[in-house]
Structures are given as C-alpha cells and as structure tokens.
file work-v3.txt (compact mmCIF, C-alpha atoms)
# COMPACT_ATOMS: atom_id res chain seq x y z
CA ARG W 1 320.22 60.03 61.17
CA GLY W 2 320.71 56.53 62.48
CA GLY W 3 324.40 56.74 61.63
CA ARG W 4 325.55 55.76 65.09
CA MET W 5 325.53 52.07 65.82
CA ALA W 6 325.49 50.27 69.14
CA GLY W 7 327.06 46.86 68.89
CA GLY W 8 330.27 45.00 68.26
CA ASN W 9 331.35 42.47 65.66
CA ASP W 10 329.24 39.67 67.10
CA ARG W 11 326.69 41.15 69.45
CA SER W 12 325.13 44.35 70.61
CA SER W 13 326.89 45.94 73.53
CA VAL W 14 325.43 47.76 76.50
CA PRO W 15 326.01 51.50 76.03
CA ASP W 16 328.69 53.07 78.21
CA LYS W 17 329.51 56.58 79.35
CA GLY W 18 330.30 57.55 75.77
CA MET W 19 326.61 57.50 74.88
CA GLY W 20 325.90 60.94 76.26
CA LYS W 21 322.24 61.00 75.23
CA LEU W 22 321.48 57.94 77.35
CA ASN W 23 320.89 59.95 80.50
CA LEU W 24 318.56 58.05 82.83
CA ASN W 25 318.87 60.68 85.53
CA ALA W 26 316.46 63.11 83.87
CA VAL W 27 313.90 60.82 82.19
CA GLU W 28 310.23 60.71 83.10
CA PHE W 29 308.22 57.51 83.26
CA ARG W 30 304.81 57.06 81.72
CA PRO W 31 302.18 57.49 84.45
CA PRO W 32 300.33 54.18 84.89
CA PRO W 33 296.56 54.09 84.28
CA ALA W 34 294.34 54.55 87.32
CA SER W 35 293.28 50.89 87.12
CA ALA W 36 296.85 49.61 86.76
CA PRO W 37 298.41 47.54 89.55
CA ALA W 38 301.37 48.73 91.58
CA PRO W 39 304.61 49.22 89.61
CA GLY W 40 306.14 45.90 88.69
CA GLY W 41 309.59 44.58 87.91
CA GLY W 42 309.97 46.64 84.72
CA THR W 43 309.71 49.95 86.54
CA ALA W 44 312.00 48.71 89.30
CA LEU W 45 314.62 47.68 86.74
CA ALA W 46 314.37 51.08 85.01
CA ASN W 47 314.82 52.85 88.36
CA ALA W 48 317.82 50.66 89.13
CA ALA W 49 319.31 51.46 85.71
CA ARG W 50 318.83 55.18 86.31
CA ASP W 51 320.53 54.95 89.71
CA LEU W 52 323.33 52.82 88.27
CA PHE W 53 324.13 55.31 85.51
CA ASN W 54 324.04 58.12 88.05
CA GLU W 55 326.48 56.23 90.28
CA ILE W 56 328.81 55.53 87.35
CA LYS W 57 328.72 59.20 86.38
CA ASN W 58 329.55 60.48 89.85
CA SER W 59 331.98 57.80 91.06
CA ASN W 60 335.71 57.77 90.51
CA ALA W 61 335.96 54.14 91.60
CA ALA W 62 334.72 50.91 90.04
CA VAL W 63 330.96 50.39 90.39
CA THR W 64 329.43 46.97 90.96
CA PRO W 65 325.75 46.82 89.86
CA PHE W 66 324.46 44.55 92.66
CA ARG W 67 320.91 45.97 92.76
CA PHE W 68 320.53 46.09 88.98
CA LEU W 69 321.72 42.50 88.56
CA ALA W 70 319.48 41.24 91.36
CA LEU W 71 316.40 42.85 89.77
CA LEU W 72 317.39 41.62 86.31
CA ARG W 73 317.65 38.03 87.56
CA GLN W 74 314.36 38.39 89.39
CA LEU W 75 312.59 39.72 86.30
CA PHE W 76 314.24 37.23 83.92
CA PRO W 77 314.90 34.02 85.89
CA GLN W 78 316.92 32.44 83.08
CA PHE W 79 319.77 34.79 83.97
CA ALA W 80 319.72 33.48 87.54
CA GLN W 81 320.56 29.91 86.54
CA VAL W 82 323.61 28.47 88.30
CA GLY W 83 325.83 25.57 87.37
CA GLN W 84 328.28 23.41 89.24
CA GLY W 85 329.76 25.02 92.31
CA GLY W 86 326.98 27.60 92.48
CA VAL W 87 328.53 29.75 89.75
CA TYR W 88 326.13 31.63 87.50
CA SER W 89 325.74 29.92 84.13
CA GLN W 90 326.96 31.62 80.97
CA GLN W 91 324.12 33.32 79.09
CA ASP W 92 323.68 34.76 75.63
CA ALA W 93 324.78 38.43 75.62
CA GLU W 94 322.31 39.47 72.90
CA GLU W 95 319.39 37.89 74.74
CA CYS W 96 320.36 39.72 77.93
CA TRP W 97 320.80 43.05 76.16
CA SER W 98 317.49 42.70 74.30
CA SER W 99 315.66 41.87 77.54
CA ILE W 100 317.09 44.97 79.23
CA LEU W 101 316.49 47.23 76.23
CA GLN W 102 312.87 46.17 75.65
CA THR W 103 312.09 46.60 79.33
CA LEU W 104 313.57 50.10 79.42
CA CYS W 105 311.77 51.07 76.20
CA ARG W 106 308.43 50.03 77.70
CA GLU W 107 309.03 52.02 80.86
CA VAL W 108 310.96 55.06 79.64
CA PRO W 109 309.69 57.00 76.59
CA ALA W 110 313.08 58.71 76.19
CA ILE W 111 314.81 55.34 75.77
CA ASP W 112 312.13 54.20 73.33
CA LYS W 113 312.85 57.27 71.19
CA LEU W 114 316.60 56.57 71.29
CA PHE W 115 316.44 52.96 70.09
CA GLY W 116 313.01 52.36 68.53
CA LEU W 117 312.79 52.06 64.75
CA ARG W 118 309.79 51.43 62.51
CA LEU W 119 309.71 48.85 59.72
CA LYS W 120 307.11 48.66 56.97
CA MET W 121 306.43 45.10 55.81
CA SER W 122 304.99 44.71 52.28
CA LEU W 123 303.87 41.24 51.18
CA LYS W 124 302.17 39.84 48.09
CA ASN W 125 300.59 36.51 47.17
CA GLU W 126 301.83 35.71 43.67
CA LEU W 127 298.87 33.42 42.94
CA THR W 128 296.01 35.69 44.01
CA GLY W 129 297.66 39.10 43.79
CA GLU W 130 296.51 39.90 47.35
CA THR W 131 298.80 42.28 49.21
CA ARG W 132 299.38 42.89 52.91
CA GLU W 133 301.15 45.73 54.68
CA GLU W 134 302.11 46.16 58.31
CA VAL W 135 304.14 48.74 60.22
CA LYS W 136 305.93 47.38 63.27
CA ARG W 137 308.25 48.81 65.91
CA GLU W 138 311.54 47.05 66.55
CA TYR W 139 314.50 47.64 68.83
CA ASN W 140 317.18 45.80 66.89
CA PHE W 141 318.09 45.61 63.23
CA LYS W 142 319.12 42.10 62.24
CA CYS W 143 322.04 41.16 60.03
CA ASN W 144 321.44 37.54 59.02
CA ILE W 145 324.78 35.86 58.34
CA THR W 146 324.93 33.13 55.69
CA ILE W 147 327.78 31.61 53.70
CA ASN W 148 327.16 34.31 51.06
CA VAL W 149 327.24 37.30 53.42
CA ASN W 150 330.52 39.22 53.55
CA HIS W 151 329.34 42.74 54.45
CA LEU W 152 326.88 44.17 56.95
CA SER W 153 324.51 45.50 54.27
CA GLU W 154 324.32 42.09 52.60
CA GLY W 155 323.14 40.58 55.89
CA PHE W 156 320.56 43.37 56.24
CA ARG W 157 319.12 42.49 52.82
CA VAL W 158 318.78 38.83 53.80
CA ALA W 159 317.07 39.73 57.08
CA LEU W 160 314.68 42.20 55.43
CA ASP W 161 313.28 39.61 53.03
CA GLU W 162 310.02 38.22 54.39
CA GLU W 163 307.88 35.15 53.78
CA ARG W 164 304.71 34.45 55.76
CA GLU W 165 301.71 32.18 55.61
CA TYR W 166 298.16 33.49 56.02
CA GLY W 167 295.25 31.08 55.82
CA GLY W 168 297.32 28.47 54.05
CA GLU W 169 298.51 30.97 51.41
CA ILE W 170 302.17 32.00 51.02
CA PHE W 171 302.99 35.72 50.93
CA LYS W 172 306.45 36.98 49.99
CA GLY W 173 307.95 40.44 50.18
CA HIS W 174 310.28 42.59 52.20
CA ASN W 175 310.66 45.03 55.08
CA ARG W 176 311.85 48.60 54.69
CA VAL W 177 312.78 51.20 57.30
CA CYS W 178 310.24 54.02 57.62
CA GLU W 179 311.80 55.64 60.72
CA LEU W 180 315.36 55.44 62.03
CA PRO W 181 316.36 56.02 65.67
CA PRO W 182 319.31 58.16 66.81
CA TRP W 183 321.03 54.91 67.86
CA LEU W 184 320.68 51.80 65.67
CA ASN W 185 321.04 48.57 67.62
CA VAL W 186 322.45 45.96 65.19
CA GLN W 187 322.18 42.25 65.93
CA MET W 188 324.60 39.93 64.15
CA VAL W 189 322.55 36.73 63.76
CA ARG W 190 325.21 34.02 63.77
CA PHE W 191 323.18 31.15 65.19
CA PHE W 192 320.83 28.88 63.27
CA TRP W 193 319.02 25.64 63.99
CA LYS W 194 320.31 22.54 62.23
CA MET W 195 317.45 20.29 61.19
CA PRO W 196 317.29 16.81 62.75
CA GLY W 197 319.56 14.39 60.90
CA ALA W 198 321.46 17.11 59.03
CA ASN W 199 324.85 15.69 60.04
CA ASP W 200 323.91 12.60 62.02
CA PRO W 201 320.98 10.43 60.84
CA ALA W 202 320.57 9.26 64.44
CA ASP W 203 320.04 12.83 65.67
CA ALA W 204 316.28 13.32 65.99
CA THR W 205 316.36 16.60 67.87
CA GLY W 206 318.55 18.92 65.82
CA GLN W 207 321.01 21.35 67.34
CA LYS W 208 321.99 25.00 67.53
CA ALA W 209 325.00 25.94 65.42
CA LYS W 210 327.09 29.09 65.03
CA ILE W 211 328.32 30.55 61.72
CA LEU W 212 331.98 31.51 62.21
CA ARG W 213 332.29 33.98 59.36
CA ALA W 214 333.92 37.39 59.26
CA VAL W 215 331.53 40.20 58.30
CA THR W 216 332.93 43.63 57.47
CA PHE W 217 331.19 46.88 58.32
CA PRO W 218 331.89 50.55 57.59
CA VAL W 219 332.93 53.24 60.03
CA LEU W 220 329.92 55.27 58.90
CA LEU W 221 326.79 53.19 58.29
CA ASP W 222 324.52 54.45 55.48
CA MET W 223 321.00 53.03 55.83
CA TYR W 224 319.52 54.84 52.82
CA GLU W 225 319.12 51.79 50.57
CA HIS W 226 317.09 49.97 53.25
CA CYS W 227 314.48 52.74 53.64
CA THR W 228 311.03 53.13 52.10
CA ASP W 229 310.67 55.49 49.13
CA GLU W 230 308.69 57.90 51.31
CA TYR W 231 311.40 57.98 53.97
CA LYS W 232 314.10 58.40 51.31
CA ALA W 233 312.27 61.48 50.05
CA ALA W 234 312.32 62.91 53.57
CA LEU W 235 316.06 62.21 53.88
CA ASP W 236 317.04 63.53 50.43
CA PRO W 237 317.30 67.27 51.29
CA ALA W 238 319.72 66.68 54.17
CA ARG W 239 321.75 64.19 52.13
CA ALA W 240 322.00 66.63 49.21
CA ALA W 241 323.12 69.43 51.54
CA LYS W 242 325.75 67.16 53.09
CA ILE W 243 327.13 66.13 49.69
CA LYS W 244 327.24 69.76 48.56
CA LYS W 245 329.16 70.77 51.69
CA GLU W 246 331.63 67.90 51.29
CA GLU W 247 332.26 68.91 47.66
CA ALA W 248 332.76 72.54 48.69
CA ASP W 249 335.19 71.51 51.44
CA ALA W 250 337.14 69.32 49.02
CA ASP W 251 337.32 72.14 46.48
CA ALA W 252 338.56 74.54 49.18
CA ARG W 253 341.32 72.10 50.15
CA LEU W 254 342.43 71.79 46.51
CA ARG W 255 342.56 75.56 46.12
CA ALA W 256 344.68 75.85 49.24
CA ASP W 257 347.16 73.25 47.94
CA PRO W 258 348.15 73.82 44.27
CA ARG W 259 350.07 70.53 44.11
CA ALA W 260 347.01 68.56 45.24
CA ARG W 261 344.88 70.37 42.63
CA LEU W 262 347.40 69.57 39.89
CA ALA W 263 347.42 65.90 40.93
CA ALA W 264 343.61 65.83 40.85
CA GLU W 265 343.55 67.35 37.35
CA VAL W 266 346.14 64.84 36.08
CA ALA W 267 344.15 61.95 37.59
CA ALA W 268 340.97 63.24 35.89
CA GLY W 269 342.78 63.30 32.53

call {"tool": "encode", "arguments": {"input": "work-v3.txt", "output": "structure tokens"}}
result
Amino acid sequence: RGGRMAGGNDRSSVPDKGMGKLNLNAVEFRPPPASAPAPGGGTALANAARDLFNEIKNSNAAVTPFRFLALLRQLFPQFAQVGQGGVYSQQDAEECWSSILQTLCREVPAIDKLFGLRLKMSLKNELTGETREEVKREYNFKCNITINVNHLSEGFRVALDEEREYGGEIFKGHNRVCELPPWLNVQMVRFFWKMPGANDPADATGQKAKILRAVTFPVLLDMYEHCTDEYKAALDPARAAKIKKEEADADARLRADPRARLAAEVAAG
C-alpha cells in the first residue's frame, strides 16, 4: 500500500491517463451545509477537472484545457501574473500542483482518499519531560534535500524530524506515517532560504537558493521504516505473505532450472 508514487525527480507531476483510479467522471461531491453560500471557485475547479479528464478520455485529438486554466488563474491569481509582452510568467510547478490537489481533496472525497495520508507527530521537551502528540492530514510527503542526502529515504528522515516551540519551550521529536494513501505524492524540497549576509555582507534581505544534487530513488518504494509501530503491525501480515510468496516463486524457478539451482547452492557454499 502506498507503493505507487506520483512525481518526478524534482517535482510532483499531474497524473495522466495512466492513473486509472483518478476517474473524476464518477465522483460525488460533498453536499454543502444548508447555511453554506453558493458553490465557490473550488467546486467550479473540481467540475472543470472532471470535464477535462472526460474530454481527454474520449478525444483522439489534443485537448487544450482553456476552462480549467481560466478557473485556476481566477482561484489562484498568482498563476495569472504576466510579464513582458503579456506572456504568462513562469510559476513553480510544485506550488501549482499542490494548489490543484488540495482544492480537489477539499471538494471530492474520492480524491482525498487517493492522496491523503496521516502523520502522527510525537514531541518531547527534554527539560520538563512534557510530551505532545498530534495527528495531521497531509497531501504530500516531503523529501528534504541537504548536502548529506543521496537517497529518497534519507531525505524522508530529514523531513520527518520535528522541532517546535510552545510557550517559549523547545520540543523535539519526529513524525511517523499512520495511514498511507493508494498514491503517495512526493515533494523533492530543493529550495531553501539563504540567511541575509550568507554570501554577501551587504545583502540584508537573503535569497532563495536551489540545491542541485542528484537523489536516487527505487523503482518500488517501501515506506515501512517511516510508519508508526501500530501501523507496522497492521502491515506485517500482508508483508509476510508477500515475502513467503516471493520465496516460493524463487524456489519454483530453481526447481525448474537445475543449472540455476546448482549455481545457487555453489554460491551459498
């Protein structure tokens, strides 16, 4: 569960036709409360996304998402900024994707179930011994990239460490996954804020910088080590069954090929 990952090497990518479960044609929206105002931009954007996916599915020609883009720029004006010559300004892909995803998750329960994960934050004050716990719902799983991060899981560990201040007291701890979604949206956090004067003593404002570092990731992502003990216990039976099946399949292949079995026995000593 959670083995499929939406996202590329640097940023999360909008799901395409290959994501068969993302079917906006058949979803139902939460009915608004009786006292709620008329449907706003979020519902309109969700409707436009549903219609867009339906058009992509049924069209043999290229589809241009005019209505979806117009509503997106209306709902999030930063994506409507234009530069010289009236050309739309370049925007951050992750920020755009997160804005779309969070809007759809608010409006469409089925999308929320596809991408929503739960994190349990456990913190402790080392001086007083006071502890704090909080369960929060997120729609992306951050991989914080530093000069010491070479693999995706290493970036996860950095991002899951937590330090917060409550009432002037420092609490330290970590986050752990207590529920994985069918699709895990991974954000590669490559940008950080350089403190004022870090490189130029005359710079009093600081600046945004990008870490240009290669980070490897597996074909099959195993999230087990990042889960709570309770969630691990729930995952253990399925993991054990999978390992048992893989061992049985490997043994069957060795039996079918005597030369491969002999090579395995020689390698084992």

call {"tool": "axis_aligned_box", "arguments": {"input": "work-v3.txt", "around": "segment 131-150 of chain W", "padding_each_side": "5 Å", "output": "AutoDock Vina command-line options"}}
result
--center_x 314.7 --center_y 40.2 --center_z 59.0 --size_x 41.7 --size_y 27.2 --size_z 29.6

call {"tool": "closest_residue", "arguments": {"input": "work-v3.txt", "among": "W:Phe156, W:Phe66, W:Phe79, W:Trp97", "to": "Met223 of chain W", "atoms": "all atoms listed in the file"}}
result
W:Phe156

call {"tool": "residues_near_point", "arguments": {"input": "work-v3.txt", "point": "(299.4, 42.6, 50.8)", "cutoff": "10 Å", "atoms": "all atoms listed in the file", "output": "ChimeraX atom specification"}}
result
/W:121-125,129-134,171-173

call {"tool": "closest_residue", "arguments": {"input": "work-v3.txt", "among": "W:Leu75, W:Leu184, W:Val63, W:Leu262", "to": "Leu220 of chain W", "atoms": "only C-alpha atoms"}}
result
W:Leu184

call {"tool": "atom_distance", "arguments": {"input": "work-v3.txt", "atom1": "atom CA of Leu212 of chain W", "atom2": "atom CA of Thr146 of chain W"}}
result
9.7 Å

call {"tool": "residues_around", "arguments": {"input": "work-v3.txt", "residues": "Ala214 of chain W", "least_positions_apart": "4", "cutoff": "12 Å", "atoms": "all atoms listed in the file", "output": "compact mmCIF listing (two decimals) with C-alpha atoms, in the coordinates of the input"}}
result
# COMPACT_ATOMS: atom_id res chain seq x y z
CA ASN W 9 331.35 42.47 65.66
CA ASP W 10 329.24 39.67 67.10
CA ILE W 145 324.78 35.86 58.34
CA THR W 146 324.93 33.13 55.69
CA ILE W 147 327.78 31.61 53.70
CA ASN W 148 327.16 34.31 51.06
CA VAL W 149 327.24 37.30 53.42
CA ASN W 150 330.52 39.22 53.55
CA HIS W 151 329.34 42.74 54.45
CA LEU W 152 326.88 44.17 56.95
CA GLY W 155 323.14 40.58 55.89
CA MET W 188 324.60 39.93 64.15
CA ARG W 190 325.21 34.02 63.77

call {"tool": "closest_residue", "arguments": {"input": "work-v3.txt", "among": "W:Ala238, W:Leu254, W:Ala93, W:Cys143", "to": "Val215 of chain W", "atoms": "all atoms listed in the file"}}
result
W:Cys143

call {"tool": "atom_distance", "arguments": {"input": "work-v3.txt", "atom1": "atom CA of Val186 of chain W", "atom2": "atom CA of Lys232 of chain W"}}
result
20.4 Å

call {"tool": "atom_distance", "arguments": {"input": "work-v3.txt", "atom1": "atom CA of Glu179 of chain W", "atom2": "atom CA of Leu160 of chain W"}}
result
14.7 Å
